[in-house]
$ cat target.pdb   # PDB, C-alpha atoms and all ligand atoms
MODEL        1
ATOM      1  CA  MET A   1     -31.813  -5.489  21.959
ATOM      2  CA  GLU A   2     -28.432  -4.087  21.080
ATOM      3  CA  PRO A   3     -28.518  -1.657  18.153
ATOM      4  CA  GLN A   4     -27.322  -3.339  14.955
ATOM      5  CA  LYS A   5     -23.732  -2.625  13.967
ATOM      6  CA  LYS A   6     -23.502  -0.859  10.629
ATOM      7  CA  LEU A   7     -20.966  -1.826   8.005
ATOM      8  CA  LEU A   8     -20.194  -0.063   4.733
ATOM      9  CA  MET A   9     -18.503  -2.133   2.060
ATOM     10  CA  ILE A  10     -16.759  -0.158  -0.687
ATOM     11  CA  VAL A  11     -16.088  -2.401  -3.676
ATOM     12  CA  ASN A  12     -13.818  -1.692  -6.655
ATOM     13  CA  PRO A  13     -15.332  -4.043  -9.244
ATOM     14  CA  ARG A  14     -12.306  -3.565 -11.530
ATOM     15  CA  ALA A  15      -9.660  -4.685  -9.042
ATOM     16  CA  GLY A  16      -7.699  -7.859  -9.537
ATOM     17  CA  ARG A  17      -8.156 -10.651 -12.016
ATOM     18  CA  SER A  18     -11.675 -11.283 -13.174
ATOM     19  CA  LYS A  19     -12.413 -13.105  -9.959
ATOM     20  CA  PRO A  20     -15.675 -14.955  -9.465
ATOM     21  CA  ARG A  21     -18.173 -12.899  -7.510
ATOM     22  CA  GLY A  22     -19.541 -15.892  -5.564
ATOM     23  CA  PRO A  23     -17.040 -15.747  -2.690
ATOM     24  CA  LEU A  24     -17.769 -12.028  -2.234
ATOM     25  CA  TYR A  25     -21.461 -12.827  -1.916
ATOM     26  CA  ASP A  26     -20.622 -15.479   0.673
ATOM     27  CA  ALA A  27     -18.451 -12.973   2.558
ATOM     28  CA  ALA A  28     -21.279 -10.400   2.547
ATOM     29  CA  ALA A  29     -23.703 -13.070   3.762
ATOM     30  CA  ALA A  30     -21.293 -14.046   6.578
ATOM     31  CA  LEU A  31     -21.139 -10.411   7.713
ATOM     32  CA  CYS A  32     -24.974 -10.202   7.702
ATOM     33  CA  ASP A  33     -25.224 -13.486   9.617
ATOM     34  CA  ALA A  34     -22.889 -12.018  12.210
ATOM     35  CA  GLY A  35     -25.397  -9.242  12.835
ATOM     36  CA  TYR A  36     -24.052  -6.452  10.674
ATOM     37  CA  LEU A  37     -26.440  -4.193   8.795
ATOM     38  CA  LEU A  38     -24.651  -4.054   5.474
ATOM     39  CA  ARG A  39     -24.511  -1.475   2.738
ATOM     40  CA  ILE A  40     -22.524  -2.103  -0.442
ATOM     41  CA  ARG A  41     -21.251   0.747  -2.623
ATOM     42  CA  ARG A  42     -19.430   0.060  -5.903
ATOM     43  CA  THR A  43     -16.900   2.491  -7.342
ATOM     44  CA  THR A  44     -17.163   3.597 -10.948
ATOM     45  CA  ALA A  45     -13.856   5.462 -11.259
ATOM     46  CA  ALA A  46     -10.631   6.354  -9.450
ATOM     47  CA  GLY A  47     -11.342   8.662  -6.520
ATOM     48  CA  ASP A  48     -14.810   7.253  -5.821
ATOM     49  CA  ALA A  49     -13.754   5.088  -2.891
ATOM     50  CA  ALA A  50     -12.093   8.018  -1.080
ATOM     51  CA  ARG A  51     -15.102  10.255  -1.673
ATOM     52  CA  ILE A  52     -17.613   7.646  -0.498
ATOM     53  CA  ALA A  53     -15.510   6.844   2.582
ATOM     54  CA  ALA A  54     -15.215  10.537   3.495
ATOM     55  CA  GLN A  55     -18.862  11.393   2.855
ATOM     56  CA  GLU A  56     -20.562   8.309   4.253
ATOM     57  CA  GLY A  57     -17.988   6.490   6.404
ATOM     58  CA  GLY A  58     -18.861   8.515   9.524
ATOM     59  CA  ASP A  59     -22.300   6.863   9.688
ATOM     60  CA  TYR A  60     -20.820   3.365  10.075
ATOM     61  CA  ASP A  61     -19.061   1.341  12.764
ATOM     62  CA  THR A  62     -16.893  -0.393  10.186
ATOM     63  CA  VAL A  63     -15.838   0.396   6.621
ATOM     64  CA  VAL A  64     -14.583  -2.509   4.537
ATOM     65  CA  ALA A  65     -12.416  -1.973   1.448
ATOM     66  CA  VAL A  66     -12.897  -4.599  -1.270
ATOM     67  CA  GLY A  67     -10.250  -4.325  -3.977
ATOM     68  CA  GLY A  68      -6.520  -3.921  -4.268
ATOM     69  CA  ASP A  69      -4.074  -1.772  -2.345
ATOM     70  CA  GLY A  70      -5.208   1.284  -4.360
ATOM     71  CA  THR A  71      -8.750   0.872  -3.112
ATOM     72  CA  LEU A  72      -7.569   0.324   0.468
ATOM     73  CA  ASN A  73      -5.510   3.518   0.189
ATOM     74  CA  GLU A  74      -8.543   5.475  -1.000
ATOM     75  CA  VAL A  75     -10.809   4.138   1.749
ATOM     76  CA  ILE A  76      -8.275   4.934   4.470
ATOM     77  CA  SER A  77      -7.547   8.380   2.981
ATOM     78  CA  GLY A  78     -11.300   9.034   3.008
ATOM     79  CA  ILE A  79     -11.942   8.021   6.604
ATOM     80  CA  GLN A  80      -8.880   9.890   7.851
ATOM     81  CA  THR A  81     -10.744  13.125   7.041
ATOM     82  CA  LEU A  82     -13.382  12.171   9.635
ATOM     83  CA  LYS A  83     -13.271  13.320  13.259
ATOM     84  CA  THR A  84     -13.706   9.779  14.561
ATOM     85  CA  PRO A  85     -12.577   7.387  11.821
ATOM     86  CA  PRO A  86     -14.393   4.025  11.909
ATOM     87  CA  ALA A  87     -12.513   0.729  12.033
ATOM     88  CA  VAL A  88     -11.402  -0.634   8.667
ATOM     89  CA  GLY A  89     -11.693  -4.143   7.285
ATOM     90  CA  TYR A  90     -10.110  -5.398   4.082
ATOM     91  CA  LEU A  91     -11.167  -8.079   1.634
ATOM     92  CA  PRO A  92      -8.143  -8.136  -0.701
ATOM     93  CA  GLN A  93      -9.077  -8.590  -4.359
ATOM     94  CA  GLY A  94      -6.091  -6.942  -6.064
ATOM     95  CA  SER A  95      -3.442  -8.539  -8.216
ATOM     96  CA  THR A  96      -0.517  -8.221  -5.776
ATOM     97  CA  ASN A  97      -1.939  -7.396  -2.336
ATOM     98  CA  ASP A  98       1.438  -6.657  -0.737
ATOM     99  CA  PHE A  99      -0.111  -5.184   2.346
ATOM    100  CA  ALA A 100      -2.579  -8.028   2.827
ATOM    101  CA  ALA A 101       0.384 -10.417   2.697
ATOM    102  CA  SER A 102       2.146  -8.341   5.330
ATOM    103  CA  LEU A 103      -0.930  -8.403   7.586
ATOM    104  CA  GLU A 104      -1.628 -12.072   6.811
ATOM    105  CA  ILE A 105      -5.137 -11.252   5.632
ATOM    106  CA  PRO A 106      -6.481 -14.304   3.764
ATOM    107  CA  SER A 107      -7.161 -13.827   0.058
ATOM    108  CA  ASP A 108     -10.321 -15.895   0.410
ATOM    109  CA  PRO A 109     -13.069 -13.288   1.048
ATOM    110  CA  VAL A 110     -15.032 -15.547   3.398
ATOM    111  CA  GLN A 111     -11.994 -16.145   5.597
ATOM    112  CA  ALA A 112     -11.125 -12.446   5.488
ATOM    113  CA  ALA A 113     -14.717 -11.626   6.506
ATOM    114  CA  GLU A 114     -14.406 -14.016   9.446
ATOM    115  CA  ALA A 115     -11.525 -11.913  10.736
ATOM    116  CA  ILE A 116     -13.746  -8.828  10.519
ATOM    117  CA  VAL A 117     -16.488 -10.661  12.436
ATOM    118  CA  ARG A 118     -14.032 -11.695  15.171
ATOM    119  CA  GLY A 119     -13.530  -7.973  15.535
ATOM    120  CA  GLN A 120     -10.008  -7.979  16.878
ATOM    121  CA  ARG A 121      -8.822  -4.407  16.587
ATOM    122  CA  ARG A 122      -5.255  -3.619  15.738
ATOM    123  CA  GLN A 123      -3.777  -0.167  15.557
ATOM    124  CA  LEU A 124      -1.348   0.548  12.762
ATOM    125  CA  ASP A 125       0.868   3.393  11.670
ATOM    126  CA  ILE A 126       0.157   5.096   8.364
ATOM    127  CA  GLY A 127       2.144   7.685   6.456
ATOM    128  CA  ARG A 128       1.498  11.252   5.490
ATOM    129  CA  PHE A 129       3.145  12.271   2.211
ATOM    130  CA  GLY A 130       2.608  16.019   1.849
ATOM    131  CA  GLU A 131      -1.173  16.262   1.687
ATOM    132  CA  ARG A 132      -1.644  12.591   0.797
ATOM    133  CA  ILE A 133      -1.872   9.431   2.866
ATOM    134  CA  PHE A 134      -0.125   6.139   2.260
ATOM    135  CA  VAL A 135      -0.976   2.968   4.070
ATOM    136  CA  TYR A 136       2.216   0.973   3.663
ATOM    137  CA  VAL A 137       4.648   2.316   1.079
ATOM    138  CA  ALA A 138       5.855   5.429  -0.704
ATOM    139  CA  SER A 139       8.539   4.667  -3.262
ATOM    140  CA  PHE A 140      10.452   6.117  -6.203
ATOM    141  CA  GLY A 141      12.770   4.861  -8.927
ATOM    142  CA  ALA A 142      13.222   1.365 -10.326
ATOM    143  CA  PHE A 143      10.246  -0.974 -10.164
ATOM    144  CA  THR A 144       8.095   1.890  -8.947
ATOM    145  CA  ARG A 145       6.707   2.859 -12.333
ATOM    146  CA  THR A 146       5.703  -0.735 -12.799
ATOM    147  CA  SER A 147       2.692  -0.869 -10.584
ATOM    148  CA  TYR A 148       0.986   1.998 -12.303
ATOM    149  CA  THR A 149       2.271   1.567 -15.871
ATOM    150  CA  ALA A 150       1.048  -2.011 -15.958
ATOM    151  CA  SER A 151      -2.411  -1.373 -17.371
ATOM    152  CA  GLN A 152      -5.358  -2.640 -15.366
ATOM    153  CA  ASP A 153      -6.053  -5.145 -18.141
ATOM    154  CA  VAL A 154      -2.494  -6.498 -18.037
ATOM    155  CA  LYS A 155      -2.631  -6.663 -14.250
ATOM    156  CA  ASN A 156      -6.011  -8.355 -14.317
ATOM    157  CA  ALA A 157      -4.948 -10.874 -16.929
ATOM    158  CA  LEU A 158      -1.502 -11.716 -15.641
ATOM    159  CA  GLY A 159      -1.614 -10.834 -11.988
ATOM    160  CA  HIS A 160       1.703 -10.913 -10.234
ATOM    161  CA  PHE A 161       3.455 -12.249 -13.324
ATOM    162  CA  GLY A 162       2.321  -9.117 -15.179
ATOM    163  CA  TYR A 163       4.055  -7.060 -12.547
ATOM    164  CA  LEU A 164       7.312  -8.929 -13.010
ATOM    165  CA  LEU A 165       7.123  -8.706 -16.792
ATOM    166  CA  GLU A 166       6.715  -4.969 -16.605
ATOM    167  CA  SER A 167       9.581  -4.786 -14.096
ATOM    168  CA  LEU A 168      11.901  -6.454 -16.560
ATOM    169  CA  ARG A 169      10.896  -3.903 -19.164
ATOM    170  CA  ASP A 170      11.705  -1.298 -16.543
ATOM    171  CA  LEU A 171      15.339  -2.376 -16.419
ATOM    172  CA  ASP A 172      15.829  -0.468 -19.681
ATOM    173  CA  THR A 173      14.853   2.702 -17.949
ATOM    174  CA  LEU A 174      16.827   2.068 -14.769
ATOM    175  CA  ARG A 175      18.382   5.396 -13.859
ATOM    176  CA  PRO A 176      19.700   7.149 -10.798
ATOM    177  CA  TYR A 177      17.852  10.035  -9.167
ATOM    178  CA  LYS A 178      19.799  12.719  -7.334
ATOM    179  CA  VAL A 179      17.954  13.146  -4.051
ATOM    180  CA  ARG A 180      18.645  14.917  -0.761
ATOM    181  CA  ILE A 181      16.985  13.134   2.113
ATOM    182  CA  THR A 182      16.978  14.138   5.737
ATOM    183  CA  ALA A 183      15.787  11.183   7.769
ATOM    184  CA  ASP A 184      15.401  11.820  11.519
ATOM    185  CA  GLY A 185      18.281  14.294  11.351
ATOM    186  CA  GLU A 186      20.594  12.148   9.221
ATOM    187  CA  THR A 187      21.472  13.514   5.785
ATOM    188  CA  LEU A 188      21.466  10.974   2.989
ATOM    189  CA  ASP A 189      22.535  12.943  -0.044
ATOM    190  CA  GLY A 190      23.065  10.726  -3.059
ATOM    191  CA  GLU A 191      22.110   9.144  -6.324
ATOM    192  CA  TYR A 192      19.588   6.365  -5.845
ATOM    193  CA  LEU A 193      18.094   3.818  -8.205
ATOM    194  CA  PHE A 194      15.270   3.068  -5.825
ATOM    195  CA  GLY A 195      13.925   4.335  -2.555
ATOM    196  CA  ALA A 196      11.082   3.125  -0.359
ATOM    197  CA  VAL A 197       9.568   4.373   2.868
ATOM    198  CA  ALA A 198       7.492   1.481   4.070
ATOM    199  CA  ASN A 199       5.516  -0.085   6.885
ATOM    200  CA  SER A 200       5.158  -3.579   5.450
ATOM    201  CA  THR A 201       7.109  -6.802   5.231
ATOM    202  CA  SER A 202       6.474  -7.002   1.482
ATOM    203  CA  ILE A 203       7.321  -4.207  -0.957
ATOM    204  CA  ALA A 204       6.709  -3.975  -4.714
ATOM    205  CA  GLY A 205       5.647  -7.617  -4.748
ATOM    206  CA  MET A 206       9.222  -8.838  -4.550
ATOM    207  CA  MET A 207      11.177  -7.342  -1.678
ATOM    208  CA  LYS A 208      10.603  -9.065   1.617
ATOM    209  CA  LEU A 209      11.676  -7.724   4.996
ATOM    210  CA  GLU A 210      12.028  -9.883   8.089
ATOM    211  CA  ARG A 211       8.992  -9.725  10.378
ATOM    212  CA  GLU A 212      11.227  -8.806  13.343
ATOM    213  CA  GLU A 213      12.447  -5.761  11.402
ATOM    214  CA  VAL A 214       8.987  -4.389  10.725
ATOM    215  CA  ILE A 215       6.836  -3.402  13.690
ATOM    216  CA  LEU A 216       3.636  -1.983  12.287
ATOM    217  CA  ASP A 217       2.767   0.359  15.169
ATOM    218  CA  ASP A 218       6.157   1.576  16.412
ATOM    219  CA  GLY A 219       5.918   5.031  14.858
ATOM    220  CA  LEU A 220       8.782   4.141  12.547
ATOM    221  CA  PHE A 221       8.998   3.443   8.846
ATOM    222  CA  GLU A 222      11.589   1.245   7.212
ATOM    223  CA  LEU A 223      13.622   3.327   4.769
ATOM    224  CA  LEU A 224      15.414   1.396   2.024
ATOM    225  CA  LEU A 225      17.663   3.174  -0.474
ATOM    226  CA  VAL A 226      19.454   1.476  -3.354
ATOM    227  CA  PRO A 227      22.424   3.685  -4.292
ATOM    228  CA  HIS A 228      23.642   4.008  -7.849
ATOM    229  CA  PRO A 229      26.639   1.616  -8.125
ATOM    230  CA  GLN A 230      29.812   3.272  -9.378
ATOM    231  CA  ASN A 231      31.526   0.152 -10.716
ATOM    232  CA  ALA A 232      30.985  -3.514 -11.510
ATOM    233  CA  SER A 233      31.962  -4.716  -8.064
ATOM    234  CA  GLU A 234      29.541  -2.321  -6.327
ATOM    235  CA  LEU A 235      26.841  -3.498  -8.719
ATOM    236  CA  GLN A 236      27.602  -7.113  -7.913
ATOM    237  CA  ASN A 237      27.418  -6.422  -4.171
ATOM    238  CA  LEU A 238      24.093  -4.648  -4.572
ATOM    239  CA  ILE A 239      22.574  -7.447  -6.615
ATOM    240  CA  TRP A 240      23.789 -10.035  -4.116
ATOM    241  CA  ALA A 241      22.299  -8.084  -1.196
ATOM    242  CA  LEU A 242      18.964  -7.586  -2.963
ATOM    243  CA  LEU A 243      18.659 -11.182  -4.118
ATOM    244  CA  ASN A 244      19.555 -12.463  -0.661
ATOM    245  CA  GLN A 245      17.381  -9.862   1.050
ATOM    246  CA  GLN A 246      20.340  -8.624   3.102
ATOM    247  CA  TYR A 247      19.234  -5.014   3.235
ATOM    248  CA  ASN A 248      21.901  -4.016   5.746
ATOM    249  CA  SER A 249      24.735  -4.910   3.411
ATOM    250  CA  GLY A 250      26.058  -4.542  -0.128
ATOM    251  CA  GLY A 251      25.963  -0.750   0.030
ATOM    252  CA  LEU A 252      22.199  -0.645   0.608
ATOM    253  CA  ILE A 253      20.922   1.926   3.076
ATOM    254  CA  PHE A 254      18.382   0.618   5.583
ATOM    255  CA  ARG A 255      17.025   2.657   8.496
ATOM    256  CA  HIS A 256      14.073   2.843  10.879
ATOM    257  CA  VAL A 257      12.875   6.467  10.800
ATOM    258  CA  SER A 258       9.813   8.507  11.765
ATOM    259  CA  ALA A 259      10.092  11.625   9.582
ATOM    260  CA  LEU A 260      11.795  12.457   6.320
ATOM    261  CA  HIS A 261      12.296  15.539   4.233
ATOM    262  CA  VAL A 262      13.019  14.801   0.580
ATOM    263  CA  GLU A 263      14.353  17.331  -1.922
ATOM    264  CA  THR A 264      15.188  16.897  -5.580
ATOM    265  CA  ASP A 265      15.738  18.989  -8.700
ATOM    266  CA  GLU A 266      14.706  16.070 -10.892
ATOM    267  CA  ASP A 267      11.392  14.820 -12.161
ATOM    268  CA  LEU A 268      10.917  12.178  -9.488
ATOM    269  CA  PRO A 269       7.605  10.347  -9.806
ATOM    270  CA  TRP A 270       6.460   8.503  -6.693
ATOM    271  CA  SER A 271       4.187   5.611  -6.049
ATOM    272  CA  LEU A 272       1.927   5.630  -2.993
ATOM    273  CA  ASP A 273       0.635   2.117  -2.250
ATOM    274  CA  GLY A 274       1.176   1.319  -5.939
ATOM    275  CA  GLU A 275      -0.601   4.373  -7.331
ATOM    276  CA  TYR A 276       1.125   7.170  -9.242
ATOM    277  CA  GLU A 277       1.994  10.362  -7.398
ATOM    278  CA  PRO A 278       3.553  13.194  -9.427
ATOM    279  CA  SER A 279       7.008  14.588  -8.683
ATOM    280  CA  GLN A 280       7.387  17.345  -6.118
ATOM    281  CA  PRO A 281      10.552  19.382  -5.538
ATOM    282  CA  THR A 282      10.230  18.884  -1.784
ATOM    283  CA  VAL A 283       8.063  16.631   0.289
ATOM    284  CA  ASP A 284       7.701  15.857   3.967
ATOM    285  CA  ILE A 285       6.899  12.291   4.917
ATOM    286  CA  THR A 286       5.757  11.630   8.457
ATOM    287  CA  ASN A 287       4.642   8.615  10.403
ATOM    288  CA  CYS A 288       1.174   8.944  11.947
ATOM    289  CA  GLN A 289       1.570   6.432  14.722
ATOM    290  CA  ARG A 290      -1.427   4.161  15.366
ATOM    291  CA  ALA A 291      -3.708   6.414  13.317
ATOM    292  CA  LEU A 292      -5.475   3.479  11.688
ATOM    293  CA  THR A 293      -7.643   0.881  13.424
ATOM    294  CA  MET A 294      -8.029  -2.315  11.425
ATOM    295  CA  LEU A 295     -10.057  -5.418  12.150
ATOM    296  CA  LEU A 296      -7.678  -8.324  11.652
TER     297      LEU A 296
HETATM  298  N1  LIG A 301     -14.818   1.217 -11.232
HETATM  299  C1  LIG A 301     -13.550   1.537 -11.486
HETATM  300  N2  LIG A 301     -13.076   1.526 -12.764
HETATM  301  C2  LIG A 301     -11.788   1.790 -13.016
HETATM  302  N3  LIG A 301     -10.854   2.097 -12.072
HETATM  303  C3  LIG A 301     -11.262   2.125 -10.798
HETATM  304  C4  LIG A 301     -12.616   1.839 -10.446
HETATM  305  N4  LIG A 301     -12.720   1.919  -9.101
HETATM  306  C5  LIG A 301     -11.487   2.251  -8.637
HETATM  307  N5  LIG A 301     -10.622   2.381  -9.639
HETATM  308  C6  LIG A 301      -9.175   2.650  -9.557
HETATM  309  O1  LIG A 301      -8.487   1.455  -9.894
HETATM  310  C7  LIG A 301      -7.145   1.549  -9.434
HETATM  311  C8  LIG A 301      -6.585   0.189  -9.030
HETATM  312  O2  LIG A 301      -7.294  -0.329  -7.964
HETATM  313  P1  LIG A 301      -6.725  -1.372  -6.933
HETATM  314  O3  LIG A 301      -5.354  -1.034  -6.526
HETATM  315  O4  LIG A 301      -7.751  -1.505  -5.885
HETATM  316  O5  LIG A 301      -6.721  -2.738  -7.769
HETATM  317  P2  LIG A 301      -5.506  -3.531  -8.423
HETATM  318  O6  LIG A 301      -4.651  -2.564  -9.149
HETATM  319  O7  LIG A 301      -6.094  -4.650  -9.192
HETATM  320  O8  LIG A 301      -4.788  -4.134  -7.166
HETATM  321  P3  LIG A 301      -3.264  -4.030  -6.673
HETATM  322  O9  LIG A 301      -2.936  -2.564  -6.651
HETATM  323  O10 LIG A 301      -3.273  -4.618  -5.292
HETATM  324  O11 LIG A 301      -2.501  -4.812  -7.643
HETATM  325  C9  LIG A 301      -7.194   2.564  -8.305
HETATM  326  O12 LIG A 301      -6.465   3.693  -8.713
HETATM  327  C10 LIG A 301      -8.658   2.906  -8.168
HETATM  328  O13 LIG A 301      -8.851   4.255  -7.805
ENDMDL
END
$ encode --input "target.pdb" --output "structure tokens"
Amino acid sequence: MEPQKKLLMIVNPRAGRSKPRGPLYDAAAALCDAGYLLRIRRTTAAGDAARIAAQEGGDYDTVVAVGGDGTLNEVISGIQTLKTPPAVGYLPQGSTNDFAASLEIPSDPVQAAEAIVRGQRRQLDIGRFGERIFVYVASFGAFTRTSYTASQDVKNALGHFGYLLESLRDLDTLRPYKVRITADGETLDGEYLFGAVANSTSIAGMMKLEREEVILDDGLFELLLVPHPQNASELQNLIWALLNQQYNSGGLIFRHVSALHVETDEDLPWSLDGEYEPSQPTVDITNCQRALTMLL
């Protein structure tokens, strides 16, 4: 008899709206029926998922993150510390699930579990941000504060709408950041309202990139910079380009790049997969091509 495959499920019970637990039970049962020996670990605080993944993930064939993008980030950060990282599955339970949308992972846990059972492996790029890991986006500026200032309760109660509400409040605090970016040798010195380094077709719950533009294992990120408009007509062009998702026009800067060096004299808070990352005067962002194996 073949040895039983071992699966570790790391669950953030606080993620997402107060979702019924029934479908998660059904998903766990489907994984057991498929022959997996299953262990379920629940997090009790931020940081738990990364610690559990790093300490215990090496004993499993598959580690499944159950929660939002923050939980997925922690699980992947944890297993990346292992010599041979196990494959990762994802049962999205968050309020926005940008990355799940990009990967077309079903929000129904049973359907998502079926994808894990099918066991089709897909290699994906992830990002290194200084010492940290991001799975699909590192961003700064407008709309970035949103995902972590929206309290968990607001996010849980209002879901995506909560996000948008907080974004509108953010417009008050819209401000340019003076940043020097070197992206694959090109210098992009300027004042930006927003910047994102991403490997996803969906960013901040509202920006969508064309699937043809975003290849998830090409060793390249998509870099999007929104410059500070200097007059009403520049502003109008920017708004038109953003609303129409024409990221190559209206003064927007859009590139495919593998490594960036970012310098600033300002207090520039970042968001990594929707979680707060404090400002750093300089940071190196690099693409780790095909470093992640996901079951999709
Ligand atoms: N038991 C817990 N109690 C409180 N916070 C937790 C717990 N477990 C994990 N966390 C933290 O909760 C934060 C949010 O988690 P996560 O992103 O998974 O859910 P979400 O915010 O609902 O989803 P999304 O980011 O997709 O909208 C993360 O920073 C995570 O570390």
$ closest_residue --input "target.pdb" --among "A:Trp270, A:Phe134, A:Phe254, A:Tyr276" --to "Val214 in chain A" --atoms "all atoms listed in the file"
A:Phe254
$ resolve_selection --input "target.pdb" --expression "the PyMOL selection byres (((chain A and resi 235-249) around 12) and not hetatm)" --output "MDAnalysis selection string"
chainID A and resid 192:194 201:203 206:210 213 222:234 250:256
$ residues_near_point --input "target.pdb" --point "(19.4, 8.0, -9.7)" --cutoff "6 Å" --atoms "only C-alpha atoms" --output "MDAnalysis selection string"
chainID A and resid 175:178 191:193
$ axis_aligned_box --input "target.pdb" --around "ligand LIG 301 (chain A)" --padding-each-side "8 Å" --output "AutoDock Vina command-line options"
--center_x -8.7 --center_y -0.3 --center_z -9.2 --size_x 28.3 --size_y 25.1 --size_z 23.7
$ residues_near_ligand --input "target.pdb" --ligand "ligand LIG 301 (chain A)" --cutoff "8 Å" --atoms "all atoms listed in the file" --output "PyMOL selection string"
chain A and resi 11-17+42-49+66-72+74+92-98+147-148+152+155-156+159-160+273-275
$ residues_around --input "target.pdb" --residues "Ala291 in chain A" --least-positions-apart "4" --cutoff "8 Å" --atoms "all atoms listed in the file" --output "PyMOL selection string"
chain A and resi 123-126
$ residues_around --input "target.pdb" --residues "range 258-261 of chain A" --least-positions-apart "5" --cutoff "12 Å" --atoms "all atoms listed in the file" --output "ChimeraX atom specification"
/A:125-130,138,179-189,196-199,217-223,280-289
$ write_last_selection --input "target.pdb" --atoms "C-alpha atoms" --output "compact mmCIF listing (two decimals), keeping the file's coordinate frame"
# COMPACT_ATOMS: atom_id res chain seq x y z
CA ASP A 125 0.87 3.39 11.67
CA ILE A 126 0.16 5.10 8.36
CA GLY A 127 2.14 7.68 6.46
CA ARG A 128 1.50 11.25 5.49
CA PHE A 129 3.14 12.27 2.21
CA GLY A 130 2.61 16.02 1.85
CA ALA A 138 5.86 5.43 -0.70
CA VAL A 179 17.95 13.15 -4.05
CA ARG A 180 18.64 14.92 -0.76
CA ILE A 181 16.98 13.13 2.11
CA THR A 182 16.98 14.14 5.74
CA ALA A 183 15.79 11.18 7.77
CA ASP A 184 15.40 11.82 11.52
CA GLY A 185 18.28 14.29 11.35
CA GLU A 186 20.59 12.15 9.22
CA THR A 187 21.47 13.51 5.78
CA LEU A 188 21.47 10.97 2.99
CA ASP A 189 22.54 12.94 -0.04
CA ALA A 196 11.08 3.12 -0.36
CA VAL A 197 9.57 4.37 2.87
CA ALA A 198 7.49 1.48 4.07
CA ASN A 199 5.52 -0.08 6.88
CA ASP A 217 2.77 0.36 15.17
CA ASP A 218 6.16 1.58 16.41
CA GLY A 219 5.92 5.03 14.86
CA LEU A 220 8.78 4.14 12.55
CA PHE A 221 9.00 3.44 8.85
CA GLU A 222 11.59 1.25 7.21
CA LEU A 223 13.62 3.33 4.77
CA GLN A 280 7.39 17.34 -6.12
CA PRO A 281 10.55 19.38 -5.54
CA THR A 282 10.23 18.88 -1.78
CA VAL A 283 8.06 16.63 0.29
CA ASP A 284 7.70 15.86 3.97
CA ILE A 285 6.90 12.29 4.92
CA THR A 286 5.76 11.63 8.46
CA ASN A 287 4.64 8.62 10.40
CA CYS A 288 1.17 8.94 11.95
CA GLN A 289 1.57 6.43 14.72
$ atom_distance --input "target.pdb" --atom1 "CA of Glu277 in chain A" --atom2 "CA of Ile79 in chain A"
19.9 Å
$ decode --input "target.pdb" --residues "range 252-274 of chain A" --atoms "C-alpha atoms" --output "PDB file, in the first residue's frame"
ATOM      1  CA  LEU A 252       0.743  56.053 -15.943  1.00  0.00           C
ATOM      2  CA  ILE A 253       3.981  54.096 -15.822  1.00  0.00           C
ATOM      3  CA  PHE A 254       3.636  50.380 -16.544  1.00  0.00           C
ATOM      4  CA  ARG A 255       6.585  48.000 -16.895  1.00  0.00           C
ATOM      5  CA  HIS A 256       7.477  44.314 -16.676  1.00  0.00           C
ATOM      6  CA  VAL A 257      10.554  44.102 -14.427  1.00  0.00           C
ATOM      7  CA  SER A 258      12.474  41.507 -12.414  1.00  0.00           C
ATOM      8  CA  ALA A 259      14.339  43.591  -9.816  1.00  0.00           C
ATOM      9  CA  LEU A 260      13.840  46.994  -8.265  1.00  0.00           C
ATOM     10  CA  HIS A 261      15.737  49.191  -5.882  1.00  0.00           C
ATOM     11  CA  VAL A 262      13.562  51.748  -4.111  1.00  0.00           C
ATOM     12  CA  GLU A 263      14.874  54.740  -2.168  1.00  0.00           C
ATOM     13  CA  THR A 264      12.979  57.446  -0.338  1.00  0.00           C
ATOM     14  CA  ASP A 265      13.547  60.094   2.323  1.00  0.00           C
ATOM     15  CA  GLU A 266       9.873  59.999   3.264  1.00  0.00           C
ATOM     16  CA  ASP A 267       7.851  57.880   5.624  1.00  0.00           C
ATOM     17  CA  LEU A 268       6.606  55.446   3.002  1.00  0.00           C
ATOM     18  CA  PRO A 269       4.480  52.664   4.473  1.00  0.00           C
ATOM     19  CA  TRP A 270       4.067  49.597   2.277  1.00  0.00           C
ATOM     20  CA  SER A 271       1.523  46.875   2.030  1.00  0.00           C
ATOM     21  CA  LEU A 272       2.633  43.313   1.303  1.00  0.00           C
ATOM     22  CA  ASP A 273      -0.320  41.191   0.144  1.00  0.00           C
ATOM     23  CA  GLY A 274      -2.584  43.614   2.026  1.00  0.00           C
TER      24      GLY A 274
END
